[in-house]
file data-v7.cif (mmCIF, C-alpha atoms and all ligand atoms)
data_my_file
#
loop_
_atom_site.label_atom_id
_atom_site.label_comp_id
_atom_site.auth_asym_id
_atom_site.auth_seq_id
_atom_site.Cartn_x
_atom_site.Cartn_y
_atom_site.Cartn_z
CA MET M 1 26.17 -27.97 -40.68
CA ARG M 2 25.37 -31.65 -40.60
CA ALA M 3 22.53 -32.82 -38.40
CA LYS M 4 23.29 -34.84 -35.27
CA VAL M 5 21.51 -37.98 -34.10
CA SER M 6 22.19 -39.60 -30.73
CA ILE M 7 21.20 -43.17 -30.06
CA ILE M 8 20.86 -44.21 -26.42
CA GLY M 9 21.56 -47.92 -26.04
CA ALA M 10 24.31 -49.33 -28.24
CA GLY M 11 23.06 -52.90 -28.15
CA ASN M 12 21.56 -54.79 -31.07
CA THR M 13 18.88 -52.31 -32.11
CA GLY M 14 20.88 -49.17 -31.28
CA ALA M 15 23.99 -50.26 -33.15
CA THR M 16 21.98 -51.51 -36.11
CA THR M 17 20.06 -48.25 -36.30
CA ALA M 18 23.43 -46.47 -36.34
CA HIS M 19 24.59 -48.79 -39.11
CA TRP M 20 21.61 -48.03 -41.35
CA LEU M 21 21.85 -44.30 -40.58
CA ALA M 22 25.57 -44.28 -41.35
CA GLU M 23 24.81 -45.68 -44.79
CA LEU M 24 22.35 -42.84 -45.37
CA ALA M 25 25.04 -40.38 -44.21
CA ILE M 26 22.46 -37.78 -43.22
CA ALA M 27 23.84 -36.99 -39.77
CA ASP M 28 26.76 -37.29 -37.41
CA LEU M 29 26.03 -40.05 -34.94
CA VAL M 30 26.56 -40.57 -31.23
CA LEU M 31 26.08 -43.88 -29.45
CA ILE M 32 25.62 -43.95 -25.66
CA ASP M 33 25.55 -47.06 -23.50
CA ILE M 34 25.86 -47.73 -19.79
CA VAL M 35 28.41 -50.51 -20.45
CA GLU M 36 31.90 -49.05 -20.45
CA GLY M 37 33.59 -49.27 -23.85
CA LEU M 38 30.63 -50.79 -25.71
CA ALA M 39 29.33 -47.66 -27.44
CA GLN M 40 32.84 -46.35 -27.97
CA GLY M 41 34.02 -49.58 -29.55
CA LYS M 42 31.01 -49.92 -31.86
CA ALA M 43 31.23 -46.26 -32.88
CA LEU M 44 34.92 -46.63 -33.69
CA ASP M 45 34.30 -49.77 -35.74
CA LEU M 46 31.47 -48.07 -37.67
CA GLN M 47 33.56 -44.93 -38.18
CA GLN M 48 36.27 -47.07 -39.71
CA ALA M 49 33.78 -48.43 -42.24
CA MET M 50 33.09 -44.93 -43.58
CA PRO M 51 36.17 -44.60 -45.83
CA VAL M 52 35.02 -47.73 -47.69
CA LEU M 53 31.67 -46.07 -48.33
CA GLY M 54 33.20 -42.67 -48.94
CA ARG M 55 31.11 -41.10 -46.18
CA ASP M 56 32.44 -38.17 -44.15
CA ILE M 57 30.12 -38.35 -41.14
CA LYS M 58 31.48 -38.48 -37.58
CA ILE M 59 30.51 -41.34 -35.32
CA ARG M 60 31.32 -41.15 -31.61
CA GLY M 61 30.42 -43.33 -28.66
CA GLY M 62 30.73 -43.40 -24.88
CA THR M 63 28.96 -43.46 -21.56
CA GLU M 64 28.78 -39.69 -21.04
CA TYR M 65 25.67 -37.77 -22.06
CA GLU M 66 27.72 -34.63 -22.84
CA LEU M 67 28.56 -36.32 -26.14
CA THR M 68 24.93 -35.96 -27.21
CA ALA M 69 24.85 -32.16 -26.84
CA GLY M 70 23.00 -30.32 -29.60
CA SER M 71 21.33 -33.38 -31.13
CA ASP M 72 18.52 -32.88 -33.62
CA VAL M 73 17.10 -36.33 -32.97
CA ILE M 74 17.43 -38.61 -29.95
CA VAL M 75 16.66 -42.30 -30.44
CA ILE M 76 16.04 -44.31 -27.26
CA THR M 77 16.72 -48.03 -27.55
CA ALA M 78 18.23 -48.56 -24.08
CA GLY M 79 16.60 -51.31 -22.11
CA LEU M 80 16.25 -55.01 -21.81
CA PRO M 81 15.16 -57.08 -24.80
CA ARG M 82 12.62 -59.90 -24.59
CA LYS M 83 13.58 -63.44 -23.68
CA PRO M 84 11.72 -66.44 -25.11
CA GLY M 85 8.27 -66.66 -23.50
CA MET M 86 8.26 -63.01 -22.38
CA SER M 87 5.74 -60.53 -23.70
CA ARG M 88 6.76 -56.96 -24.45
CA ASP M 89 4.67 -55.89 -21.45
CA ASP M 90 6.78 -58.02 -19.11
CA LEU M 91 9.58 -55.52 -19.67
CA LEU M 92 7.61 -52.57 -18.33
CA ALA M 93 9.03 -51.88 -14.88
CA ALA M 94 12.69 -52.50 -15.70
CA ASN M 95 12.67 -50.51 -18.89
CA ALA M 96 10.65 -47.59 -17.49
CA GLU M 97 13.49 -46.59 -15.19
CA ILE M 98 16.13 -46.94 -17.93
CA VAL M 99 14.05 -44.94 -20.41
CA ARG M 100 13.22 -42.22 -17.89
CA GLN M 101 16.94 -41.68 -17.22
CA ALA M 102 17.81 -41.70 -20.91
CA ALA M 103 15.10 -39.12 -21.64
CA LEU M 104 16.05 -36.74 -18.84
CA ASN M 105 19.81 -37.03 -19.40
CA THR M 106 19.51 -36.25 -23.10
CA LEU M 107 16.98 -33.43 -22.68
CA ARG M 108 19.50 -31.46 -20.60
CA TYR M 109 21.91 -31.36 -23.54
CA SER M 110 19.47 -31.24 -26.46
CA PRO M 111 16.40 -29.24 -25.49
CA GLU M 112 15.37 -28.83 -29.14
CA ALA M 113 15.51 -32.51 -30.09
CA ILE M 114 12.84 -34.74 -31.56
CA TYR M 115 12.56 -38.06 -29.65
CA ILE M 116 12.03 -41.44 -31.28
CA VAL M 117 11.50 -44.35 -28.88
CA LEU M 118 12.12 -48.01 -29.65
CA THR M 119 12.32 -49.58 -26.19
CA ASN M 120 9.46 -51.92 -25.32
CA PRO M 121 6.70 -51.94 -24.28
CA LEU M 122 6.80 -49.37 -27.00
CA ASP M 123 3.63 -47.33 -26.70
CA VAL M 124 4.00 -47.13 -22.92
CA MET M 125 7.67 -46.11 -23.06
CA THR M 126 6.87 -43.41 -25.63
CA TYR M 127 4.15 -42.03 -23.35
CA LEU M 128 6.64 -42.05 -20.48
CA VAL M 129 9.21 -40.05 -22.49
CA MET M 130 6.60 -37.42 -23.38
CA LYS M 131 5.52 -37.12 -19.74
CA VAL M 132 8.94 -37.00 -18.08
CA THR M 133 10.43 -34.57 -20.60
CA GLY M 134 7.33 -32.38 -20.65
CA LEU M 135 7.82 -31.98 -24.41
CA ALA M 136 4.95 -31.23 -26.76
CA PRO M 137 3.58 -34.63 -27.84
CA HIS M 138 4.32 -34.02 -31.53
CA ARG M 139 8.06 -34.04 -30.68
CA VAL M 140 7.94 -37.53 -29.16
CA PHE M 141 6.88 -40.65 -31.04
CA GLY M 142 7.63 -44.33 -31.21
CA GLN M 143 8.66 -46.85 -33.81
CA ALA M 144 6.52 -49.93 -34.16
CA GLY M 145 4.19 -49.65 -37.13
CA ILE M 146 6.84 -49.45 -39.85
CA LEU M 147 8.35 -52.66 -38.46
CA ASP M 148 5.04 -54.50 -38.13
CA SER M 149 4.01 -53.32 -41.59
CA THR M 150 7.27 -54.35 -43.26
CA ARG M 151 6.93 -57.77 -41.65
CA MET M 152 3.45 -58.12 -43.08
CA ALA M 153 4.65 -56.90 -46.49
CA THR M 154 7.42 -59.51 -46.45
CA PHE M 155 4.90 -62.32 -45.90
CA VAL M 156 2.51 -60.98 -48.56
CA ALA M 157 5.24 -60.56 -51.20
CA GLU M 158 6.47 -64.10 -50.52
CA GLU M 159 2.98 -65.57 -50.68
CA LEU M 160 2.13 -63.87 -53.97
CA GLY M 161 5.57 -64.00 -55.55
CA VAL M 162 5.53 -60.26 -56.33
CA SER M 163 8.06 -57.53 -55.73
CA VAL M 164 8.07 -56.06 -52.23
CA GLU M 165 7.82 -52.70 -53.96
CA ASN M 166 4.26 -53.50 -55.03
CA VAL M 167 3.14 -54.40 -51.52
CA HIS M 168 1.83 -51.70 -49.20
CA CYS M 169 0.84 -52.92 -45.76
CA TYR M 170 -0.47 -50.97 -42.81
CA VAL M 171 -0.50 -52.29 -39.28
CA LEU M 172 -2.11 -50.09 -36.64
CA GLY M 173 -2.73 -50.37 -32.91
CA GLY M 174 -0.49 -51.08 -29.95
CA HIS M 175 2.82 -52.86 -30.56
CA GLY M 176 1.73 -56.12 -29.00
CA ASP M 177 -0.06 -59.28 -29.96
CA GLU M 178 -3.29 -57.25 -30.25
CA MET M 179 -1.93 -55.11 -33.10
CA VAL M 180 -4.32 -54.63 -36.01
CA PRO M 181 -3.03 -55.52 -39.51
CA LEU M 182 -5.43 -53.80 -41.96
CA THR M 183 -6.51 -56.15 -44.72
CA ALA M 184 -8.68 -53.82 -46.84
CA ILE M 185 -6.39 -50.79 -46.87
CA SER M 186 -3.22 -52.84 -47.30
CA ASN M 187 -2.84 -53.51 -51.00
CA VAL M 188 -0.77 -54.99 -53.79
CA ALA M 189 -0.31 -52.45 -56.58
CA GLY M 190 -3.56 -50.78 -55.53
CA VAL M 191 -5.69 -53.92 -55.17
CA PRO M 192 -6.87 -54.49 -51.57
CA LEU M 193 -5.30 -57.53 -49.91
CA ASN M 194 -8.65 -59.02 -48.99
CA GLN M 195 -9.50 -59.16 -52.72
CA ILE M 196 -6.30 -60.95 -53.68
CA LEU M 197 -5.67 -63.49 -50.95
CA PRO M 198 -8.08 -66.21 -49.89
CA GLN M 199 -9.43 -65.70 -46.36
CA GLU M 200 -7.38 -68.48 -44.74
CA LYS M 201 -4.10 -67.26 -46.26
CA LEU M 202 -4.91 -63.72 -45.18
CA GLU M 203 -5.67 -64.86 -41.64
CA ALA M 204 -2.42 -66.79 -41.49
CA ILE M 205 -0.47 -63.70 -42.60
CA VAL M 206 -2.27 -61.52 -40.04
CA GLU M 207 -1.45 -64.02 -37.30
CA ARG M 208 2.19 -64.36 -38.34
CA THR M 209 2.53 -60.56 -38.44
CA ARG M 210 1.11 -60.26 -34.90
CA LYS M 211 3.57 -62.85 -33.65
CA GLY M 212 6.41 -61.67 -35.94
CA GLY M 213 8.62 -60.36 -33.13
CA GLY M 214 8.03 -63.47 -31.01
CA GLU M 215 8.95 -65.74 -33.94
CA ILE M 216 12.37 -64.11 -34.09
CA VAL M 217 12.81 -64.12 -30.30
CA SER M 218 12.23 -67.89 -30.23
CA LEU M 219 14.66 -68.48 -33.08
CA LEU M 220 17.43 -66.29 -31.67
CA LYS M 221 17.00 -67.64 -28.09
CA VAL M 222 19.00 -64.64 -26.86
CA GLY M 223 17.72 -61.15 -27.66
CA SER M 224 15.14 -59.90 -30.12
CA ALA M 225 14.99 -58.59 -33.68
CA TYR M 226 17.23 -55.73 -34.73
CA TYR M 227 17.79 -55.42 -38.50
CA ALA M 228 14.19 -54.56 -39.36
CA PRO M 229 13.60 -52.46 -36.20
CA GLY M 230 16.84 -50.57 -36.96
CA ILE M 231 15.91 -49.68 -40.55
CA ALA M 232 12.42 -48.68 -39.41
CA VAL M 233 13.93 -46.16 -36.98
CA ALA M 234 16.37 -44.93 -39.63
CA LYS M 235 13.44 -44.29 -41.97
CA MET M 236 11.75 -42.15 -39.32
CA VAL M 237 14.93 -40.21 -38.57
CA GLU M 238 15.34 -39.54 -42.28
CA ALA M 239 11.73 -38.36 -42.58
CA VAL M 240 12.39 -35.85 -39.80
CA LEU M 241 15.80 -34.59 -40.91
CA ARG M 242 14.77 -34.28 -44.55
CA ASP M 243 11.37 -32.84 -43.60
CA ARG M 244 9.73 -35.36 -45.90
CA HIS M 245 6.12 -35.16 -44.67
CA LEU M 246 6.21 -38.93 -44.85
CA ILE M 247 3.04 -40.77 -43.90
CA ALA M 248 3.91 -43.92 -41.99
CA PRO M 249 2.44 -45.96 -39.15
CA VAL M 250 3.86 -44.42 -35.97
CA SER M 251 3.15 -44.61 -32.27
CA ALA M 252 1.72 -41.10 -31.88
CA TYR M 253 -0.11 -39.23 -29.14
CA LEU M 254 -3.86 -39.26 -29.65
CA ARG M 255 -6.31 -36.54 -28.69
CA GLY M 256 -9.58 -37.98 -29.91
CA GLU M 257 -8.39 -39.46 -33.20
CA TYR M 258 -9.85 -42.95 -33.68
CA GLY M 259 -12.00 -42.14 -30.62
CA LEU M 260 -8.96 -42.46 -28.32
CA HIS M 261 -7.58 -39.97 -25.82
CA ASP M 262 -4.34 -39.48 -23.92
CA LEU M 263 -2.35 -42.45 -25.08
CA TYR M 264 0.37 -43.33 -27.55
CA PHE M 265 -0.88 -45.75 -30.15
CA GLY M 266 0.04 -46.99 -33.63
CA VAL M 267 -1.70 -44.83 -36.24
CA PRO M 268 -0.78 -43.41 -39.64
CA ALA M 269 0.96 -40.10 -39.08
CA GLN M 270 2.78 -37.56 -41.19
CA LEU M 271 6.41 -37.02 -40.15
CA GLY M 272 8.47 -33.93 -40.85
CA ARG M 273 11.07 -31.67 -39.24
CA SER M 274 8.77 -30.78 -36.35
CA GLY M 275 7.93 -34.42 -35.63
CA VAL M 276 4.37 -35.68 -36.01
CA GLU M 277 2.67 -33.11 -38.24
CA LYS M 278 -0.69 -34.80 -38.21
CA VAL M 279 -2.44 -38.06 -37.48
CA ILE M 280 -4.30 -39.48 -40.46
CA GLU M 281 -7.67 -41.18 -39.87
CA TYR M 282 -8.29 -44.17 -42.13
CA PRO M 283 -11.80 -45.41 -42.83
CA LEU M 284 -11.98 -48.69 -40.90
CA THR M 285 -14.39 -51.58 -40.89
CA GLU M 286 -16.45 -52.24 -37.75
CA SER M 287 -14.32 -55.23 -36.85
CA GLU M 288 -11.11 -53.22 -37.28
CA LYS M 289 -12.55 -50.50 -35.02
CA GLU M 290 -13.37 -53.13 -32.39
CA ALA M 291 -9.90 -54.64 -32.67
CA LEU M 292 -8.30 -51.21 -32.26
CA LYS M 293 -10.40 -50.61 -29.14
CA ARG M 294 -9.20 -53.88 -27.61
CA SER M 295 -5.60 -53.04 -28.43
CA ALA M 296 -5.97 -49.52 -26.99
CA ALA M 297 -7.43 -50.92 -23.77
CA SER M 298 -4.36 -53.05 -23.26
CA VAL M 299 -1.98 -50.10 -23.89
CA ALA M 300 -4.01 -47.87 -21.53
CA GLU M 301 -3.89 -50.55 -18.84
CA ASN M 302 -0.09 -50.56 -19.00
CA ILE M 303 0.18 -46.77 -19.10
CA ALA M 304 -1.83 -46.76 -15.87
CA LYS M 305 0.95 -48.83 -14.25
CA LEU M 306 3.52 -46.08 -14.86
CA LYS M 307 4.68 -43.91 -11.99
CA PHE M 308 5.94 -40.45 -12.89
N1 LIG M 401 21.66 -46.33 -20.16
C1 LIG M 401 22.19 -46.60 -21.37
N2 LIG M 401 22.17 -47.80 -21.93
C2 LIG M 401 21.57 -48.79 -21.25
C3 LIG M 401 20.98 -48.60 -19.98
C4 LIG M 401 21.05 -47.29 -19.43
N3 LIG M 401 20.53 -47.02 -18.23
N4 LIG M 401 20.47 -49.76 -19.56
C5 LIG M 401 20.71 -50.67 -20.53
N5 LIG M 401 21.38 -50.09 -21.54
C6 LIG M 401 21.88 -50.68 -22.77
C7 LIG M 401 22.44 -52.09 -22.56
O1 LIG M 401 23.76 -52.02 -22.00
C8 LIG M 401 22.44 -52.64 -23.97
O2 LIG M 401 23.66 -52.44 -24.64
O3 LIG M 401 20.83 -50.89 -23.71
C9 LIG M 401 21.32 -51.82 -24.66
C10 LIG M 401 20.18 -52.70 -25.13
O4 LIG M 401 20.67 -53.51 -26.12
P1 LIG M 401 20.25 -55.05 -26.29
O5 LIG M 401 20.33 -55.72 -24.97
O6 LIG M 401 21.03 -55.61 -27.42
O7 LIG M 401 18.71 -54.95 -26.66
P2 LIG M 401 18.06 -54.51 -28.05
O8 LIG M 401 17.81 -55.70 -28.89
O9 LIG M 401 18.83 -53.37 -28.61
O10 LIG M 401 16.63 -54.01 -27.55
C11 LIG M 401 16.49 -52.85 -26.76
O11 LIG M 401 14.50 -52.19 -27.90
O12 LIG M 401 13.27 -53.34 -29.48
C12 LIG M 401 13.38 -53.01 -28.15
O13 LIG M 401 12.38 -54.88 -26.99
C13 LIG M 401 13.58 -54.22 -27.27
O14 LIG M 401 13.17 -53.03 -25.27
C14 LIG M 401 14.18 -53.61 -26.05
C15 LIG M 401 15.04 -52.48 -26.62
#
call {"tool": "encode", "arguments": {"input": "data-v7.cif", "output": "structure tokens"}}
result
Amino acid sequence: MRAKVSIIGAGNTGATTAHWLAELAIADLVLIDIVEGLAQGKALDLQQAMPVLGRDIKIRGGTEYELTAGSDVIVITAGLPRKPGMSRDDLLAANAEIVRQAALNTLRYSPEAIYIVLTNPLDVMTYLVMKVTGLAPHRVFGQAGILDSTRMATFVAEELGVSVENVHCYVLGGHGDEMVPLTAISNVAGVPLNQILPQEKLEAIVERTRKGGGEIVSLLKVGSAYYAPGIAVAKMVEAVLRDRHLIAPVSAYLRGEYGLHDLYFGVPAQLGRSGVEKVIEYPLTESEKEALKRSAASVAENIAKLKF
């Protein structure tokens, strides 16, 4: 039997995630949105693209959570996107209520599912999903690090004029302007970035990576990024469904790793069929450790604002 993935929120990121997943053809897909007709219309359109690709998956959409029954993976993208000038944290109160409902409504129909969260503020919303569902933390995680890392890799490949395939970037920390792009562990064909790029170029890339989401928000004027966030989620879904044991930067629950407790935070983690199999601890420089601490403090501050 084919796997089933339900995506809650059929807006830009939800629909684009469905698009990338449909190309992979690894699961039947369900799109749910609060707006009447939106998820149904997008699902129908995407379904009608499948004969061109020769894919036999089923894609359904609607407003009713019954459609999601028996999902292997639930992706939560429902919520409000950022407007120019807004930080991800500004979305906290509005999105908390939307995400709480999405988590509880899906859990009723898919008690065995793995949850992947995309709604911002990401680390806080992922924590909320774990708390309100009561699921074991390894079954709930958030997408941020693959996106931040692919943004950084894009800038590095452009700067050096090398194939993106040679560039391996790792961005850890909270998904906010305090995120921590690693410059010694990130590498180009095995050579650390800080040995290839002059300091000022490296700093400029780090800064552009941190503000990468905001750059797109200001260009679009309405809404935020969705192609790269969508493929990043699709990659995580694939790692789970294919039990790949893929190590990727993920917002995962920490119990002492990196000296941090009881929060969701961007760290390298191994993903497989059961969710987060383990958190990997990288050797970090003192300044990276300090930067992670600052980023963690800002995530913890926002988690403290949540009401359960
Ligand atoms: N239940 C289901 N869907 C909902 C609900 C709800 N209670 N509330 C809002 N939605 C839907 C909206 O109708 C909309 O179609 O969520 C969708 C969000 O889509 P967009 O507005 O296009 O936003 P998007 O770019 O997808 O971003 C969603 O992901 O990356 C983050 O920061 C981003 O938090 C934002 C979220």
call {"tool": "closest_atom_pairs", "arguments": {"input": "data-v7.cif", "of": "segment 225-281 of chain M", "to": "segment 175-184 of chain M", "cutoff": "12 Å", "atoms": "all atoms listed in the file", "output": "tab-separated table"}}
result
residue	atom	partner	partner_atom	distance
M:Pro249	CA	M:Pro181	CA	11.0
M:Val250	CA	M:His175	CA	10.1
M:Ser251	CA	M:His175	CA	8.4
M:Ala252	CA	M:His175	CA	11.9
M:Tyr264	CA	M:His175	CA	10.3
M:Phe265	CA	M:His175	CA	8.0
M:Gly266	CA	M:His175	CA	7.2
M:Val267	CA	M:Val180	CA	10.1
M:Pro268	CA	M:Leu182	CA	11.6
call {"tool": "closest_residue", "arguments": {"input": "data-v7.cif", "among": "M:Val124, M:Leu21, M:Leu241, M:Leu44", "to": "ligand LIG 401 (chain M)", "atoms": "all atoms listed in the file"}}
result
M:Val124
call {"tool": "closest_atom_pairs", "arguments": {"input": "data-v7.cif", "of": "chain M", "to": "ligand LIG 401 (chain M)", "cutoff": "8 Å", "atoms": "all atoms listed in the file", "output": "tab-separated table"}}
result
residue	atom	partner	partner_atom	distance
M:Ile8	CA	M:LIG401	C1	5.7
M:Gly9	CA	M:LIG401	O3	3.8
M:Ala10	CA	M:LIG401	O2	4.8
M:Gly11	CA	M:LIG401	O4	3.2
M:Asn12	CA	M:LIG401	O6	3.8
M:Thr13	CA	M:LIG401	O9	3.7
M:Gly14	CA	M:LIG401	O9	5.4
M:Ala15	CA	M:LIG401	O9	7.5
M:Ile32	CA	M:LIG401	C1	6.1
M:Asp33	CA	M:LIG401	N2	3.8
M:Ile34	CA	M:LIG401	C1	4.2
M:Val35	CA	M:LIG401	O1	5.1
M:Leu38	CA	M:LIG401	O2	7.2
M:Ala39	CA	M:LIG401	O2	7.9
M:Thr63	CA	M:LIG401	C1	7.5
M:Thr77	CA	M:LIG401	O11	4.7
M:Ala78	CA	M:LIG401	O3	3.5
M:Gly79	CA	M:LIG401	C5	4.4
M:Leu80	CA	M:LIG401	C14	4.9
M:Pro81	CA	M:LIG401	C14	3.8
M:Arg82	CA	M:LIG401	O13	5.6
M:Arg88	CA	M:LIG401	O13	6.5
M:Leu91	CA	M:LIG401	O14	7.1
M:Asn95	CA	M:LIG401	O14	6.9
M:Glu97	CA	M:LIG401	N3	7.7
M:Ile98	CA	M:LIG401	N3	4.4
M:Val99	CA	M:LIG401	N3	7.1
M:Gln101	CA	M:LIG401	N3	6.5
M:Ala102	CA	M:LIG401	N1	6.1
M:Leu118	CA	M:LIG401	O11	5.1
M:Thr119	CA	M:LIG401	O14	3.7
M:Asn120	CA	M:LIG401	O14	3.9
M:Pro121	CA	M:LIG401	O14	6.6
M:Leu122	CA	M:LIG401	O14	7.5
M:Gly223	CA	M:LIG401	O8	5.6
M:Ser224	CA	M:LIG401	O8	5.1
M:Ala225	CA	M:LIG401	O8	6.3
M:Tyr226	CA	M:LIG401	O8	5.9
M:Pro229	CA	M:LIG401	O12	6.8
call {"tool": "atom_distance", "arguments": {"input": "data-v7.cif", "atom1": "atom CA of Met1 of chain M", "atom2": "atom CA of Arg242 of chain M"}}
result
13.6 Å
call {"tool": "closest_residue", "arguments": {"input": "data-v7.cif", "among": "M:Phe155, M:Tyr253, M:Trp20, M:Tyr282", "to": "Val129 of chain M", "atoms": "all atoms listed in the file"}}
result
M:Tyr253
call {"tool": "closest_residue", "arguments": {"input": "data-v7.cif", "among": "M:Val117, M:Val188, M:Glu215, M:Tyr170", "to": "Ile247 of chain M", "atoms": "only C-alpha atoms"}}
result
M:Tyr170
call {"tool": "atom_distance", "arguments": {"input": "data-v7.cif", "atom1": "atom CA of Ala189 of chain M", "atom2": "atom CA of Val162 of chain M"}}
result
9.8 Å
call {"tool": "residues_around", "arguments": {"input": "data-v7.cif", "residues": "Gly272 of chain M", "least_positions_apart": "3", "cutoff": "8 Å", "atoms": "all atoms listed in the file", "output": "JSON, numbers by chain"}}
result
{"M": [239, 240, 241, 242, 243, 244, 245, 246, 275, 276, 277]}
call {"tool": "residues_around", "arguments": {"input": "data-v7.cif", "residues": "Leu193 of chain M", "least_positions_apart": "4", "cutoff": "12 Å", "atoms": "only C-alpha atoms", "output": "ChimeraX atom specification"}}
result
/M:152-153,155-157,159-160,166-170,181-189,197-199,201-203,205-206
call {"tool": "axis_aligned_box", "arguments": {"input": "data-v7.cif", "around": "segment 272-277 of chain M", "padding_each_side": "3 Å", "output": "AutoDock Vina command-line options"}}
result
--center_x 6.9 --center_y -33.2 --center_z -38.2 --size_x 14.4 --size_y 10.9 --size_z 11.2
call {"tool": "closest_residue", "arguments": {"input": "data-v7.cif", "among": "M:Leu128, M:Leu147, M:Ala269, M:Ala94", "to": "Gly212 of chain M", "atoms": "all atoms listed in the file"}}
result
M:Leu147
call {"tool": "closest_residue", "arguments": {"input": "data-v7.cif", "among": "M:Ile216, M:Val233, M:Glu36, M:Gln195", "to": "Val5 of chain M", "atoms": "only C-alpha atoms"}}
result
M:Val233
call {"tool": "residues_around", "arguments": {"input": "data-v7.cif", "residues": "Ile7 of chain M", "least_positions_apart": "6", "cutoff": "7 Å", "atoms": "only C-alpha atoms", "output": "PyMOL selection string"}}
result
chain M and resi 14+30-32+74-76
call {"tool": "residues_around", "arguments": {"input": "data-v7.cif", "residues": "Asp72 of chain M", "least_positions_apart": "5", "cutoff": "10 Å", "atoms": "all atoms listed in the file", "output": "list of chain:residue names"}}
result
M:Arg2, M:Ala3, M:Lys4, M:Val5, M:Ser6, M:Ala27, M:Ser110, M:Pro111, M:Glu112, M:Ala113, M:Ile114, M:Tyr115, M:Val237, M:Val240, M:Leu241, M:Arg273
call {"tool": "residues_around", "arguments": {"input": "data-v7.cif", "residues": "segment 104-108 of chain M", "least_positions_apart": "5", "cutoff": "8 Å", "atoms": "all atoms listed in the file", "output": "ChimeraX atom specification"}}
result
/M:65,68-69,74,113,132-133
call {"tool": "write_last_selection", "arguments": {"input": "data-v7.cif", "atoms": "C-alpha atoms", "output": "JSON list (two decimals), keeping the file's coordinate frame"}}
result
[["chain", "number", "residue", "atom", "x", "y", "z"],
["M", 65, "TYR", "CA", 25.67, -37.77, -22.06],
["M", 68, "THR", "CA", 24.93, -35.96, -27.21],
["M", 69, "ALA", "CA", 24.85, -32.16, -26.84],
["M", 74, "ILE", "CA", 17.43, -38.61, -29.95],
["M", 113, "ALA", "CA", 15.51, -32.51, -30.09],
["M", 132, "VAL", "CA", 8.94, -37.00, -18.08],
["M", 133, "THR", "CA", 10.43, -34.57, -20.60]]
call {"tool": "closest_residue", "arguments": {"input": "data-v7.cif", "among": "M:Gly173, M:Pro84, M:Gly230, M:Pro192", "to": "Arg210 of chain M", "atoms": "only C-alpha atoms"}}
result
M:Gly173
call {"tool": "decode", "arguments": {"input": "data-v7.cif", "residues": "segment 143-152 of chain M", "atoms": "N, CA, C and O atoms", "output": "PDB file, in the first residue's frame"}}
result
ATOM      1  N   GLN M 143      10.846  21.895  10.050  1.00  0.00           N
ATOM      2  CA  GLN M 143      11.727  22.213   8.925  1.00  0.00           C
ATOM      3  C   GLN M 143      12.202  23.635   9.019  1.00  0.00           C
ATOM      4  O   GLN M 143      11.405  24.550   9.044  1.00  0.00           O
ATOM      5  N   ALA M 144      13.499  23.811   9.049  1.00  0.00           N
ATOM      6  CA  ALA M 144      14.085  25.149   8.962  1.00  0.00           C
ATOM      7  C   ALA M 144      15.489  25.023   8.428  1.00  0.00           C
ATOM      8  O   ALA M 144      15.890  25.693   7.490  1.00  0.00           O
ATOM      9  N   GLY M 145      16.257  24.103   9.023  1.00  0.00           N
ATOM     10  CA  GLY M 145      17.689  24.012   8.734  1.00  0.00           C
ATOM     11  C   GLY M 145      18.013  23.637   7.300  1.00  0.00           C
ATOM     12  O   GLY M 145      19.000  24.132   6.740  1.00  0.00           O
ATOM     13  N   ILE M 146      17.193  22.770   6.700  1.00  0.00           N
ATOM     14  CA  ILE M 146      17.500  22.398   5.298  1.00  0.00           C
ATOM     15  C   ILE M 146      17.343  23.643   4.429  1.00  0.00           C
ATOM     16  O   ILE M 146      18.160  23.919   3.542  1.00  0.00           O
ATOM     17  N   LEU M 147      16.308  24.419   4.718  1.00  0.00           N
ATOM     18  CA  LEU M 147      16.074  25.654   3.959  1.00  0.00           C
ATOM     19  C   LEU M 147      17.208  26.658   4.164  1.00  0.00           C
ATOM     20  O   LEU M 147      17.784  27.177   3.197  1.00  0.00           O
ATOM     21  N   ASP M 148      17.540  26.916   5.421  1.00  0.00           N
ATOM     22  CA  ASP M 148      18.604  27.900   5.683  1.00  0.00           C
ATOM     23  C   ASP M 148      19.926  27.427   5.074  1.00  0.00           C
ATOM     24  O   ASP M 148      20.694  28.225   4.531  1.00  0.00           O
ATOM     25  N   SER M 149      20.162  26.113   5.132  1.00  0.00           N
ATOM     26  CA  SER M 149      21.421  25.578   4.609  1.00  0.00           C
ATOM     27  C   SER M 149      21.467  25.627   3.083  1.00  0.00           C
ATOM     28  O   SER M 149      22.526  25.889   2.500  1.00  0.00           O
ATOM     29  N   THR M 150      20.333  25.380   2.445  1.00  0.00           N
ATOM     30  CA  THR M 150      20.325  25.418   0.974  1.00  0.00           C
ATOM     31  C   THR M 150      20.458  26.866   0.483  1.00  0.00           C
ATOM     32  O   THR M 150      21.053  27.138  -0.561  1.00  0.00           O
ATOM     33  N   ARG M 151      19.936  27.788   1.290  1.00  0.00           N
ATOM     34  CA  ARG M 151      20.138  29.210   0.930  1.00  0.00           C
ATOM     35  C   ARG M 151      21.628  29.539   0.989  1.00  0.00           C
ATOM     36  O   ARG M 151      22.183  30.128   0.054  1.00  0.00           O
ATOM     37  N   MET M 152      22.264  29.130   2.062  1.00  0.00           N
ATOM     38  CA  MET M 152      23.687  29.414   2.210  1.00  0.00           C
ATOM     39  C   MET M 152      24.475  28.748   1.079  1.00  0.00           C
ATOM     40  O   MET M 152      25.368  29.367   0.473  1.00  0.00           O
TER      41      MET M 152
END
